[in-house]
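Visitor: This is the structure, below, for whatever I ask next.
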Amino acid sequence: MIVVTGGAGYIGSHVVRALRTEGADVLVVDDLRTGYRESIGDARLLEVELAAAVVDWSSVEAVYHFAASTSVEESVRRPDYYRQNCFEDPKNFLEPAIQAGVKIIFSSTAAVYGEPERIPIREDDAKHPVNPYGENKLALENFLLASGSPCTVLRYFNAAGGAEDHRPETHLIPLLISSEGLFSVFGNDYPTEDGTCIRDYVHIDDLARAHLSALRVDGVFNLGSGNGYSVLEILTLAGREPRFEPRRAGDPARLIADIGRAHEILNWQPELGVDAMIESAREWRARNPNGYRG
Ligand code: UFG
């Protein structure tokens, strides 16, 4: 059996469906605080908070740990909440899994790097997170890597495309495809070519595929595309016009992954570009105008 915490969330649910397609026996642990029962297909659901979840680890091959809040901006406003659900609760939940020698695949983030020292960012580069989200993800990485149990850390850059339904939505691509009028761009005074932040967007289907390879290989891996797009470039691709607003707290200027290690060791390479991300996000919204709660 494979346990997936946060399996009803955005990235988790895409991985759950990919695992089910491979025939895996999947147990989702999710309190549906931000996830959707409709997103997990026919996988089993244990609907409980991570802090209260109990699993018989003797029959578990691997655990994917996704469950956590994921907003950089919110983490700046609510650091204690992020300490609890990005670090304390998962640590307590995973400790017995570690004792039982269960393989752990942990959803980490580019936010662990903070303002990077060089671009593209390599896994061993300095980590100085600039927000509580990144700090707590890094603390859990360090705990897991020091535990001695089989472990894979996946540092996502900007996942996009497919079925995405955050409430409130804060992410660029889903907002771009579901709003009208001038689009609020947070900051045009960053030290980048056009003054807006640069990110490395990776298609959710490519990302989900990497998780299947991660089952068989331990280590720390960046998962991005290796290409950077500014916020203005993404607006142009989506056919939207900007209205410039002040910077959003906690946003680094530029994040681009070096994905050489994932290519070499996980034998993984992204196949879909930003156009495909915008297109698949649009398709899903067109079919589900009210998201999962349609
Ligand atoms: N942006 C806007 N206007 C919006 C929404 C976003 O200008 O309405 C900008 C942001 O300021 C940022 C870029 O678009 O420069 C991307 O923002 P997202 O919110 O889509 O993504 P983030 O880069 O903030 O967050 C992602 C992941 C986090 C992760 C972080 C690492 O969603 O989980 O990368 O920095 F922590």
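Ligands are numbered from 1 in the order shown, chains are lettered A, B, ... in the order of the structure tokens, and residues start at 1 in each chain.
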At a cut-off of 6 Å around ligand 1, and using only C-alpha atoms and all ligand atoms, what residues come up? Please write them as an NGL selection string.
Guide: :A and (70-72 or 109-111 or 157-158 or 170-172 or 184-186 or 197 or 231 or 248)
Visitor: Would you write out those residues with all heavy atoms, as a CSV table (one decimal), in the first residue's frame?
Guide:
chain,number,residue,atom,x,y,z
A,70,THR,N,0.4,26.1,1.4
A,70,THR,CA,1.4,26.4,0.4
A,70,THR,C,1.5,27.8,-0.1
A,70,THR,O,2.1,28.1,-1.1
A,70,THR,CB,1.0,25.5,-0.9
A,70,THR,OG1,-0.2,25.9,-1.3
A,70,THR,CG2,1.0,24.0,-0.6
A,71,SER,N,1.0,28.8,0.7
A,71,SER,CA,1.1,30.1,0.2
A,71,SER,C,2.2,30.9,0.9
A,71,SER,O,2.2,31.0,2.1
A,71,SER,CB,-0.3,30.8,0.5
A,71,SER,OG,-0.1,32.2,0.5
A,72,VAL,N,3.1,31.4,0.1
A,72,VAL,CA,4.3,32.1,0.6
A,72,VAL,C,3.7,33.4,1.4
A,72,VAL,O,4.1,33.7,2.5
A,72,VAL,CB,5.2,32.6,-0.5
A,72,VAL,CG1,6.1,33.6,-0.1
A,72,VAL,CG2,5.9,31.4,-1.1
A,109,THR,N,10.2,22.5,-1.9
A,109,THR,CA,9.9,23.6,-2.7
A,109,THR,C,11.1,24.4,-3.1
A,109,THR,O,12.1,24.4,-2.3
A,109,THR,CB,8.9,24.6,-2.0
A,109,THR,OG1,8.8,25.8,-2.6
A,109,THR,CG2,9.4,24.8,-0.5
A,110,ALA,N,11.1,25.2,-4.1
A,110,ALA,CA,12.2,26.1,-4.5
A,110,ALA,C,12.3,27.2,-3.4
A,110,ALA,O,13.3,27.9,-3.3
A,110,ALA,CB,11.9,26.7,-5.8
A,111,ALA,N,11.3,27.4,-2.6
A,111,ALA,CA,11.3,28.4,-1.6
A,111,ALA,C,12.4,28.1,-0.5
A,111,ALA,O,12.8,29.0,0.2
A,111,ALA,CB,10.0,28.5,-0.9
A,157,PHE,N,9.5,23.7,-8.4
A,157,PHE,CA,9.5,25.1,-8.8
A,157,PHE,C,8.0,25.5,-9.0
A,157,PHE,O,7.2,25.2,-8.1
A,157,PHE,CB,10.5,25.4,-10.0
A,157,PHE,CG,11.9,25.4,-9.4
A,157,PHE,CD1,12.4,24.2,-8.9
A,157,PHE,CD2,12.6,26.5,-9.4
A,157,PHE,CE1,13.7,24.2,-8.3
A,157,PHE,CE2,13.9,26.6,-8.8
A,157,PHE,CZ,14.4,25.4,-8.3
A,158,ASN,N,7.6,26.1,-10.1
A,158,ASN,CA,6.2,26.5,-10.1
A,158,ASN,C,5.3,25.5,-10.9
A,158,ASN,O,5.3,25.5,-12.2
A,158,ASN,CB,6.1,27.9,-10.7
A,158,ASN,CG,6.5,29.0,-9.8
A,158,ASN,OD1,7.7,28.9,-9.4
A,158,ASN,ND2,5.7,29.8,-9.4
A,170,THR,N,-4.2,31.9,-5.5
A,170,THR,CA,-3.2,33.0,-5.4
A,170,THR,C,-2.2,32.8,-6.6
A,170,THR,O,-1.4,33.7,-6.8
A,170,THR,CB,-2.4,32.9,-4.1
A,170,THR,OG1,-1.8,31.6,-4.0
A,170,THR,CG2,-3.3,33.1,-2.9
A,171,HIS,N,-2.3,31.7,-7.3
A,171,HIS,CA,-1.3,31.4,-8.3
A,171,HIS,C,-1.5,32.1,-9.6
A,171,HIS,O,-2.7,32.2,-10.1
A,171,HIS,CB,-1.1,29.9,-8.5
A,171,HIS,CG,-0.6,29.2,-7.2
A,171,HIS,ND1,-1.4,28.4,-6.4
A,171,HIS,CD2,0.6,29.3,-6.6
A,171,HIS,CE1,-0.6,28.0,-5.4
A,171,HIS,NE2,0.6,28.5,-5.5
A,172,LEU,N,-0.4,32.4,-10.3
A,172,LEU,CA,-0.5,33.3,-11.5
A,172,LEU,C,-1.4,32.6,-12.6
A,172,LEU,O,-2.3,33.3,-13.1
A,172,LEU,CB,0.9,33.5,-12.0
A,172,LEU,CG,1.1,34.4,-13.2
A,172,LEU,CD1,0.5,35.8,-13.0
A,172,LEU,CD2,2.5,34.5,-13.7
A,184,SER,N,-3.5,42.3,-12.1
A,184,SER,CA,-2.6,42.8,-11.1
A,184,SER,C,-1.3,42.1,-11.1
A,184,SER,O,-1.2,40.9,-10.9
A,184,SER,CB,-3.2,42.7,-9.7
A,184,SER,OG,-4.3,43.5,-9.6
A,185,VAL,N,-0.2,42.8,-11.4
A,185,VAL,CA,1.2,42.3,-11.4
A,185,VAL,C,1.9,42.8,-10.2
A,185,VAL,O,1.9,44.1,-10.0
A,185,VAL,CB,1.9,42.6,-12.7
A,185,VAL,CG1,3.4,42.3,-12.6
A,185,VAL,CG2,1.3,41.9,-13.9
A,186,PHE,N,2.4,41.9,-9.3
A,186,PHE,CA,2.9,42.4,-8.0
A,186,PHE,C,4.4,42.7,-8.2
A,186,PHE,O,5.3,41.9,-8.1
A,186,PHE,CB,2.8,41.3,-7.0
A,186,PHE,CG,1.3,40.9,-6.7
A,186,PHE,CD1,0.9,39.6,-6.7
A,186,PHE,CD2,0.3,41.9,-6.6
A,186,PHE,CE1,-0.4,39.3,-6.4
A,186,PHE,CE2,-1.0,41.6,-6.4
A,186,PHE,CZ,-1.4,40.2,-6.3
A,197,CYS,N,9.0,39.4,-11.7
A,197,CYS,CA,9.6,38.2,-11.2
A,197,CYS,C,9.7,37.1,-12.3
A,197,CYS,O,8.8,37.0,-13.1
A,197,CYS,CB,8.9,37.6,-10.0
A,197,CYS,SG,8.9,38.6,-8.5
A,231,VAL,N,6.8,37.4,-15.2
A,231,VAL,CA,5.3,37.5,-15.1
A,231,VAL,C,4.7,38.1,-16.3
A,231,VAL,O,3.7,37.7,-16.8
A,231,VAL,CB,4.9,38.3,-13.8
A,231,VAL,CG1,3.4,38.5,-13.7
A,231,VAL,CG2,5.4,37.6,-12.5
A,248,ARG,N,4.6,41.8,-3.7
A,248,ARG,CA,4.0,40.9,-2.7
A,248,ARG,C,5.1,40.4,-1.8
A,248,ARG,O,6.2,40.0,-2.2
A,248,ARG,CB,3.4,39.7,-3.5
A,248,ARG,CG,2.5,38.8,-2.7
A,248,ARG,CD,1.8,37.8,-3.6
A,248,ARG,NE,2.8,36.8,-4.1
A,248,ARG,CZ,2.4,35.7,-4.8
A,248,ARG,NH1,1.2,35.5,-5.1
A,248,ARG,NH2,3.3,34.9,-5.2
Visitor: What are the closest atom pairs, with distances in Å to one decimal, for each residue of region 74-128 of chain A lying within 10 Å of region 2-17 of chain A, using only C-alpha atoms, rows by chain and rising residue number, as a tab-separated table?
Guide:
residue	atom	partner	partner_atom	distance
A:Pro90	CA	A:Thr5	CA	9.2
A:Phe93	CA	A:Thr5	CA	9.9
A:Val102	CA	A:Ile2	CA	9.9
A:Lys103	CA	A:Ile2	CA	9.8
A:Ile104	CA	A:Val3	CA	9.6
A:Ile105	CA	A:Val4	CA	9.4
A:Phe106	CA	A:Thr5	CA	9.9
A:Ser107	CA	A:Ile11	CA	9.1
Visitor: Have a look at A:Ile256, A:Ile204, A:Val217, A:Ala67 and name the one nearest to Tyr229 (chain A); count only C-alpha atoms.
Guide: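 The shortest atom-to-atom distance to Tyr229 (chain A) comes from A:Ile256.
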Visitor: Please provide as a ChimeraX atom specification all residues within 9 Å of Asp251 (chain A), with the sequence filter that same-chain residues fewer than 3 positions apart are discarded (counting only C-alpha atoms).
Guide: /A:72-73,114-115,130-131,197,247-248,254
Visitor: Using the selection just defined, write its residues with N, CA and C atoms as a PDB file, in the first residue's frame.
Guide:
ATOM      1  N   VAL A  72       3.127  31.368   0.103  1.00  0.00           N
ATOM      2  CA  VAL A  72       4.254  32.146   0.631  1.00  0.00           C
ATOM      3  C   VAL A  72       3.728  33.373   1.383  1.00  0.00           C
ATOM      4  N   GLU A  73       2.799  34.061   0.743  1.00  0.00           N
ATOM      5  CA  GLU A  73       2.280  35.318   1.311  1.00  0.00           C
ATOM      6  C   GLU A  73       1.575  35.068   2.644  1.00  0.00           C
ATOM      7  N   GLY A 114      15.477  30.569  -1.020  1.00  0.00           N
ATOM      8  CA  GLY A 114      15.406  32.014  -0.802  1.00  0.00           C
ATOM      9  C   GLY A 114      15.845  32.758  -2.052  1.00  0.00           C
ATOM     10  N   GLU A 115      16.624  33.834  -1.869  1.00  0.00           N
ATOM     11  CA  GLU A 115      17.199  34.546  -3.024  1.00  0.00           C
ATOM     12  C   GLU A 115      18.438  33.769  -3.438  1.00  0.00           C
ATOM     13  N   VAL A 130      13.473  32.934   2.568  1.00  0.00           N
ATOM     14  CA  VAL A 130      13.116  34.318   2.909  1.00  0.00           C
ATOM     15  C   VAL A 130      11.675  34.416   3.397  1.00  0.00           C
ATOM     16  N   ASN A 131      11.043  33.274   3.673  1.00  0.00           N
ATOM     17  CA  ASN A 131       9.688  33.302   4.233  1.00  0.00           C
ATOM     18  C   ASN A 131       9.473  32.044   5.072  1.00  0.00           C
ATOM     19  N   CYS A 197       8.960  39.437 -11.697  1.00  0.00           N
ATOM     20  CA  CYS A 197       9.631  38.227 -11.193  1.00  0.00           C
ATOM     21  C   CYS A 197       9.721  37.142 -12.256  1.00  0.00           C
ATOM     22  N   ARG A 247       5.017  45.234  -4.701  1.00  0.00           N
ATOM     23  CA  ARG A 247       5.522  43.866  -4.538  1.00  0.00           C
ATOM     24  C   ARG A 247       4.697  43.089  -3.521  1.00  0.00           C
ATOM     25  N   ARG A 248       4.637  41.773  -3.692  1.00  0.00           N
ATOM     26  CA  ARG A 248       4.007  40.890  -2.712  1.00  0.00           C
ATOM     27  C   ARG A 248       5.100  40.407  -1.755  1.00  0.00           C
ATOM     28  N   ARG A 254      13.995  35.903  -8.803  1.00  0.00           N
ATOM     29  CA  ARG A 254      14.265  34.986  -9.925  1.00  0.00           C
ATOM     30  C   ARG A 254      14.521  33.583  -9.395  1.00  0.00           C
TER      31      ARG A 254
END
Visitor: When you count only C-alpha atoms, which of these residues is closest to Ser58 (chain A): A:Ser178, A:Ser147, A:Thr196, A:Gln99?
Guide: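 Answer, going by the shortest atom-to-atom distance: A:Gln99.
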Visitor: Give the answer as one residue: which of A:Leu237, A:Val112, A:Ala163, A:Leu140 has the shortest atom-to-atom distance to Lys127 (chain A), using only C-alpha atoms?
Guide: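 The closest residue to Lys127 (chain A) is A:Val112.
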Visitor: Compile a residue-level contact table for region 60-123 of chain A against region 31-50 of chain A at a cut-off of 12 Å, reporting for every qualifying residue the shortest atom pair and its distance in Å to one decimal, with only C-alpha atoms counted, rows ordered by chain and ascending number, as JSON lines.
Guide:
{"residue": "A:His65", "atom": "CA", "partner": "A:Leu50", "partner_atom": "CA", "distance": 10.3}
{"residue": "A:Phe66", "atom": "CA", "partner": "A:Leu50", "partner_atom": "CA", "distance": 10.7}
{"residue": "A:Ala67", "atom": "CA", "partner": "A:Leu50", "partner_atom": "CA", "distance": 7.7}
{"residue": "A:Ala68", "atom": "CA", "partner": "A:Leu50", "partner_atom": "CA", "distance": 9.4}
{"residue": "A:Ser69", "atom": "CA", "partner": "A:Thr34", "partner_atom": "CA", "distance": 8.6}
{"residue": "A:Thr70", "atom": "CA", "partner": "A:Thr34", "partner_atom": "CA", "distance": 10.4}
{"residue": "A:Gln84", "atom": "CA", "partner": "A:Leu50", "partner_atom": "CA", "distance": 10.6}
{"residue": "A:Asn85", "atom": "CA", "partner": "A:Leu50", "partner_atom": "CA", "distance": 8.4}
{"residue": "A:Cys86", "atom": "CA", "partner": "A:Leu50", "partner_atom": "CA", "distance": 10.7}
{"residue": "A:Phe87", "atom": "CA", "partner": "A:Leu50", "partner_atom": "CA", "distance": 11.3}
{"residue": "A:Glu88", "atom": "CA", "partner": "A:Leu50", "partner_atom": "CA", "distance": 10.2}
{"residue": "A:Asp89", "atom": "CA", "partner": "A:Leu50", "partner_atom": "CA", "distance": 6.4}
{"residue": "A:Pro90", "atom": "CA", "partner": "A:Leu50", "partner_atom": "CA", "distance": 7.0}
{"residue": "A:Lys91", "atom": "CA", "partner": "A:Leu50", "partner_atom": "CA", "distance": 10.0}
{"residue": "A:Asn92", "atom": "CA", "partner": "A:Leu50", "partner_atom": "CA", "distance": 8.9}
{"residue": "A:Phe93", "atom": "CA", "partner": "A:Leu50", "partner_atom": "CA", "distance": 6.7}
{"residue": "A:Leu94", "atom": "CA", "partner": "A:Leu50", "partner_atom": "CA", "distance": 9.8}
Visitor: Include all heavy atoms and write out the residues we just selected as a tab-separated table (two decimals), in the first residue's frame.
Guide:
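Contents of result.tsv, freshly written:
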chain	number	residue	atom	x	y	z
A	65	HIS	N	4.46	12.56	1.06
A	65	HIS	CA	3.94	13.57	1.99
A	65	HIS	C	3.77	14.92	1.28
A	65	HIS	O	4.73	15.62	1.00
A	65	HIS	CB	4.86	13.73	3.20
A	65	HIS	CG	4.48	14.91	4.02
A	65	HIS	ND1	3.23	15.04	4.57
A	65	HIS	CD2	5.14	16.06	4.31
A	65	HIS	CE1	3.14	16.21	5.18
A	65	HIS	NE2	4.29	16.85	5.03
A	66	PHE	N	2.50	15.25	1.00
A	66	PHE	CA	2.16	16.54	0.38
A	66	PHE	C	1.49	17.50	1.35
A	66	PHE	O	1.55	18.72	1.15
A	66	PHE	CB	1.15	16.34	-0.77
A	66	PHE	CG	1.68	15.59	-1.95
A	66	PHE	CD1	1.50	14.22	-2.07
A	66	PHE	CD2	2.37	16.26	-2.95
A	66	PHE	CE1	1.99	13.53	-3.16
A	66	PHE	CE2	2.87	15.57	-4.05
A	66	PHE	CZ	2.67	14.19	-4.15
A	67	ALA	N	0.77	16.95	2.36
A	67	ALA	CA	-0.13	17.79	3.16
A	67	ALA	C	0.60	18.97	3.80
A	67	ALA	O	1.51	18.78	4.59
A	67	ALA	CB	-0.78	16.93	4.25
A	68	ALA	N	0.19	20.17	3.45
A	68	ALA	CA	0.76	21.40	4.02
A	68	ALA	C	0.06	22.59	3.38
A	68	ALA	O	-0.46	22.48	2.27
A	68	ALA	CB	2.26	21.50	3.72
A	69	SER	N	0.07	23.71	4.09
A	69	SER	CA	-0.34	24.96	3.44
A	69	SER	C	0.77	25.38	2.48
A	69	SER	O	1.94	25.06	2.71
A	69	SER	CB	-0.56	26.05	4.48
A	69	SER	OG	-1.66	25.70	5.30
A	70	THR	N	0.41	26.14	1.44
A	70	THR	CA	1.39	26.37	0.37
A	70	THR	C	1.51	27.81	-0.09
A	70	THR	O	2.08	28.06	-1.15
A	70	THR	CB	1.05	25.51	-0.87
A	70	THR	OG1	-0.25	25.91	-1.32
A	70	THR	CG2	1.05	24.04	-0.57
A	84	GLN	N	3.44	24.81	12.36
A	84	GLN	CA	2.68	23.64	12.76
A	84	GLN	C	2.42	22.71	11.57
A	84	GLN	O	2.72	21.52	11.63
A	84	GLN	CB	1.33	24.10	13.38
A	84	GLN	CG	0.63	23.01	14.17
A	84	GLN	CD	1.40	22.60	15.42
A	84	GLN	OE1	1.97	23.45	16.11
A	84	GLN	NE2	1.45	21.31	15.68
A	85	ASN	N	1.85	23.24	10.49
A	85	ASN	CA	1.40	22.29	9.46
A	85	ASN	C	2.43	21.97	8.38
A	85	ASN	O	2.27	20.99	7.66
A	85	ASN	CB	0.01	22.67	8.90
A	85	ASN	CG	0.05	23.74	7.86
A	85	ASN	OD1	0.87	23.72	6.96
A	85	ASN	ND2	-0.86	24.69	7.96
A	86	CYS	N	3.51	22.75	8.30
A	86	CYS	CA	4.59	22.39	7.36
A	86	CYS	C	5.71	21.62	8.05
A	86	CYS	O	6.51	20.96	7.39
A	86	CYS	CB	5.18	23.62	6.70
A	86	CYS	SG	4.06	24.43	5.55
A	87	PHE	N	5.80	21.72	9.40
A	87	PHE	CA	6.90	21.04	10.07
A	87	PHE	C	6.45	20.13	11.23
A	87	PHE	O	6.64	18.92	11.17
A	87	PHE	CB	7.94	22.05	10.57
A	87	PHE	CG	9.07	21.39	11.31
A	87	PHE	CD1	9.96	20.55	10.64
A	87	PHE	CD2	9.24	21.56	12.68
A	87	PHE	CE1	10.98	19.90	11.32
A	87	PHE	CE2	10.26	20.92	13.36
A	87	PHE	CZ	11.14	20.09	12.68
A	88	GLU	N	5.81	20.69	12.26
A	88	GLU	CA	5.53	19.90	13.47
A	88	GLU	C	4.61	18.71	13.19
A	88	GLU	O	4.93	17.58	13.57
A	88	GLU	CB	4.89	20.78	14.57
A	88	GLU	CG	5.76	21.95	15.05
A	88	GLU	CD	6.96	21.51	15.89
A	88	GLU	OE1	7.04	20.33	16.25
A	88	GLU	OE2	7.82	22.38	16.16
A	89	ASP	N	3.45	18.96	12.57
A	89	ASP	CA	2.49	17.87	12.35
A	89	ASP	C	3.08	16.78	11.44
A	89	ASP	O	2.99	15.59	11.77
A	89	ASP	CB	1.17	18.40	11.77
A	89	ASP	CG	0.40	19.26	12.77
A	89	ASP	OD1	0.74	19.22	13.97
A	89	ASP	OD2	-0.53	19.98	12.36
A	90	PRO	N	3.69	17.14	10.31
A	90	PRO	CA	4.29	16.09	9.47
A	90	PRO	C	5.40	15.32	10.19
A	90	PRO	O	5.50	14.11	10.06
A	90	PRO	CB	4.87	16.86	8.28
A	90	PRO	CG	4.20	18.17	8.27
A	90	PRO	CD	3.73	18.46	9.65
A	91	LYS	N	6.22	16.02	10.97
A	91	LYS	CA	7.31	15.34	11.70
A	91	LYS	C	6.72	14.29	12.63
A	91	LYS	O	7.17	13.14	12.64
A	91	LYS	CB	8.11	16.39	12.49
A	91	LYS	CG	9.18	15.84	13.39
A	91	LYS	CD	9.98	16.99	13.99
A	91	LYS	CE	10.95	16.53	15.06
A	91	LYS	NZ	10.29	16.14	16.32
A	92	ASN	N	5.69	14.66	13.39
A	92	ASN	CA	5.08	13.71	14.32
A	92	ASN	C	4.42	12.55	13.58
A	92	ASN	O	4.51	11.41	13.99
A	92	ASN	CB	4.04	14.41	15.21
A	92	ASN	CG	4.72	15.41	16.13
A	92	ASN	OD1	5.91	15.26	16.46
A	92	ASN	ND2	3.99	16.45	16.53
A	93	PHE	N	3.77	12.87	12.45
A	93	PHE	CA	3.09	11.83	11.68
A	93	PHE	C	4.10	10.85	11.08
A	93	PHE	O	3.88	9.63	11.06
A	93	PHE	CB	2.26	12.48	10.57
A	93	PHE	CG	1.61	11.49	9.64
A	93	PHE	CD1	0.48	10.78	10.02
A	93	PHE	CD2	2.15	11.27	8.37
A	93	PHE	CE1	-0.11	9.86	9.16
A	93	PHE	CE2	1.55	10.35	7.50
A	93	PHE	CZ	0.43	9.64	7.90
A	94	LEU	N	5.24	11.38	10.58
A	94	LEU	CA	6.20	10.54	9.85
A	94	LEU	C	7.17	9.79	10.76
A	94	LEU	O	7.80	8.83	10.32
A	94	LEU	CB	6.97	11.39	8.83
A	94	LEU	CG	6.11	11.93	7.66
A	94	LEU	CD1	6.88	12.96	6.85
A	94	LEU	CD2	5.63	10.79	6.75
Visitor: Contacts of Ser225 (chain A) at 8 Å or less, counting only C-alpha atoms, minus same-chain residues fewer than 2 places along, as a list in words?
Guide: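 My list of contacting residues is Asp200, Tyr201, Val202, Leu223, Asn227, Ala257, Ile259, Gln269 and Pro270 of chain A.
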Visitor: Please return, as a list in words, all residues of region 121-151 of chain A that DSSP assigns to helix (DSSP H, G or I) on the basis of the backbone.
Guide: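 Those residues are Pro132, Tyr133, Gly134, Glu135, Asn136, Lys137, Leu138, Ala139, Leu140, Glu141, Asn142, Phe143, Leu144, Leu145 and Ala146 of chain A.
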Visitor: Name all residues at most 12 Å from region 262-267 of chain A (count only C-alpha atoms; drop same-chain ones fewer than 2 positions away) and give them as an MDAnalysis selection string.
Guide: chainID A and resid 122:123 152:156 207 209:226 257:260 269:271
Visitor: Just to be explicit: take each residue in the selection above, keep N, CA and C atoms, and write the result as an mmCIF file, in the first residue's frame.
Guide:
data_model
loop_
_atom_site.group_PDB
_atom_site.id
_atom_site.type_symbol
_atom_site.label_atom_id
_atom_site.label_comp_id
_atom_site.auth_asym_id
_atom_site.auth_seq_id
_atom_site.Cartn_x
_atom_site.Cartn_y
_atom_site.Cartn_z
ATOM 1 N N ARG A 122 21.301 24.821 -8.303
ATOM 2 C CA ARG A 122 21.576 23.389 -8.127
ATOM 3 C C ARG A 122 21.180 22.975 -6.713
ATOM 4 N N GLU A 123 20.910 21.695 -6.563
ATOM 5 C CA GLU A 123 20.392 21.174 -5.296
ATOM 6 C C GLU A 123 21.304 21.482 -4.111
ATOM 7 N N THR A 152 13.299 10.580 -0.471
ATOM 8 C CA THR A 152 13.498 11.415 -1.656
ATOM 9 C C THR A 152 12.846 12.769 -1.399
ATOM 10 N N VAL A 153 13.618 13.820 -1.611
ATOM 11 C CA VAL A 153 13.094 15.183 -1.457
ATOM 12 C C VAL A 153 12.931 15.768 -2.855
ATOM 13 N N LEU A 154 11.721 16.203 -3.168
ATOM 14 C CA LEU A 154 11.457 16.807 -4.477
ATOM 15 C C LEU A 154 11.189 18.293 -4.268
ATOM 16 N N ARG A 155 12.046 19.119 -4.852
ATOM 17 C CA ARG A 155 11.859 20.579 -4.702
ATOM 18 C C ARG A 155 11.181 21.115 -5.954
ATOM 19 N N TYR A 156 9.896 21.391 -5.808
ATOM 20 C CA TYR A 156 9.128 21.881 -6.953
ATOM 21 C C TYR A 156 9.422 23.352 -7.183
ATOM 22 N N LEU A 207 5.306 16.790 -13.701
ATOM 23 C CA LEU A 207 5.655 16.689 -12.275
ATOM 24 C C LEU A 207 5.159 15.362 -11.696
ATOM 25 N N ARG A 209 4.642 12.574 -13.148
ATOM 26 C CA ARG A 209 5.464 11.479 -13.680
ATOM 27 C C ARG A 209 6.763 11.322 -12.882
ATOM 28 N N ALA A 210 7.367 12.429 -12.491
ATOM 29 C CA ALA A 210 8.626 12.361 -11.733
ATOM 30 C C ALA A 210 8.426 11.632 -10.403
ATOM 31 N N HIS A 211 7.217 11.742 -9.851
ATOM 32 C CA HIS A 211 6.956 11.090 -8.559
ATOM 33 C C HIS A 211 6.976 9.574 -8.656
ATOM 34 N N LEU A 212 6.670 9.040 -9.830
ATOM 35 C CA LEU A 212 6.695 7.583 -9.980
ATOM 36 C C LEU A 212 8.148 7.107 -9.973
ATOM 37 N N SER A 213 9.042 7.828 -10.655
ATOM 38 C CA SER A 213 10.466 7.468 -10.637
ATOM 39 C C SER A 213 11.051 7.636 -9.240
ATOM 40 N N ALA A 214 10.558 8.626 -8.497
ATOM 41 C CA ALA A 214 11.108 8.924 -7.161
ATOM 42 C C ALA A 214 10.885 7.769 -6.187
ATOM 43 N N LEU A 215 9.942 6.920 -6.492
ATOM 44 C CA LEU A 215 9.665 5.756 -5.646
ATOM 45 C C LEU A 215 10.886 4.836 -5.582
ATOM 46 N N ARG A 216 11.644 4.806 -6.675
ATOM 47 C CA ARG A 216 12.737 3.830 -6.790
ATOM 48 C C ARG A 216 14.106 4.417 -6.485
ATOM 49 N N VAL A 217 14.197 5.750 -6.331
ATOM 50 C CA VAL A 217 15.518 6.382 -6.181
ATOM 51 C C VAL A 217 15.496 7.348 -4.992
ATOM 52 N N ASP A 218 16.503 7.267 -4.113
ATOM 53 C CA ASP A 218 16.607 8.216 -3.003
ATOM 54 C C ASP A 218 17.422 9.439 -3.449
ATOM 55 N N GLY A 219 17.242 10.560 -2.758
ATOM 56 C CA GLY A 219 18.050 11.745 -3.059
ATOM 57 C C GLY A 219 17.219 13.013 -3.037
ATOM 58 N N VAL A 220 17.888 14.114 -3.392
ATOM 59 C CA VAL A 220 17.233 15.431 -3.408
ATOM 60 C C VAL A 220 17.228 15.930 -4.850
ATOM 61 N N PHE A 221 16.071 16.327 -5.356
ATOM 62 C CA PHE A 221 15.958 16.696 -6.767
ATOM 63 C C PHE A 221 15.151 17.975 -6.970
ATOM 64 N N ASN A 222 15.690 18.874 -7.784
ATOM 65 C CA ASN A 222 14.893 19.997 -8.287
ATOM 66 C C ASN A 222 13.954 19.482 -9.367
ATOM 67 N N LEU A 223 12.713 19.928 -9.341
ATOM 68 C CA LEU A 223 11.794 19.614 -10.433
ATOM 69 C C LEU A 223 11.238 20.920 -11.001
ATOM 70 N N GLY A 224 11.754 21.286 -12.140
ATOM 71 C CA GLY A 224 11.295 22.475 -12.857
ATOM 72 C C GLY A 224 11.457 22.172 -14.335
ATOM 73 N N SER A 225 11.533 23.234 -15.145
ATOM 74 C CA SER A 225 11.736 22.998 -16.579
ATOM 75 C C SER A 225 13.148 23.381 -16.990
ATOM 76 N N GLY A 226 13.797 24.189 -16.137
ATOM 77 C CA GLY A 226 15.105 24.725 -16.489
ATOM 78 C C GLY A 226 15.005 26.042 -17.264
ATOM 79 N N ALA A 257 15.416 26.430 -12.083
ATOM 80 C CA ALA A 257 16.053 25.190 -11.632
ATOM 81 C C ALA A 257 17.123 24.713 -12.593
ATOM 82 N N ASP A 258 18.181 24.135 -12.038
ATOM 83 C CA ASP A 258 19.048 23.244 -12.810
ATOM 84 C C ASP A 258 18.448 21.859 -12.617
ATOM 85 N N ILE A 259 17.985 21.243 -13.709
ATOM 86 C CA ILE A 259 17.301 19.950 -13.564
ATOM 87 C C ILE A 259 18.168 18.785 -14.047
ATOM 88 N N GLY A 260 19.473 19.049 -14.131
ATOM 89 C CA GLY A 260 20.398 18.010 -14.617
ATOM 90 C C GLY A 260 20.362 16.746 -13.769
ATOM 91 N N GLN A 269 12.530 14.052 -17.673
ATOM 92 C CA GLN A 269 12.661 15.296 -18.421
ATOM 93 C C GLN A 269 11.264 15.840 -18.700
ATOM 94 N N PRO A 270 11.025 17.128 -18.437
ATOM 95 C CA PRO A 270 9.698 17.656 -18.741
ATOM 96 C C PRO A 270 9.453 17.686 -20.247
ATOM 97 N N GLU A 271 8.217 17.428 -20.639
ATOM 98 C CA GLU A 271 7.885 17.376 -22.066
ATOM 99 C C GLU A 271 6.956 18.506 -22.497
#
Visitor: Identify which of the residues A:Tyr64, A:Gly250, A:Thr236, A:Ala53 lies closest to Val76 (chain A), counting only C-alpha atoms when measuring atom-to-atom distances.
Guide: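 Closest residue, counting only C-alpha atoms: A:Gly250.
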Visitor: Taking the DSSP assignment computed from this structure's backbone, write out as a ChimeraX atom specification all residues of region 6-243 of chain A that belong to strand (DSSP E or B).
Guide: /A:26-29,44-46,62-65,103-109,114,121,128,151-156,158-160,183-186,198-199,201-203,219-223,229-230,242-243
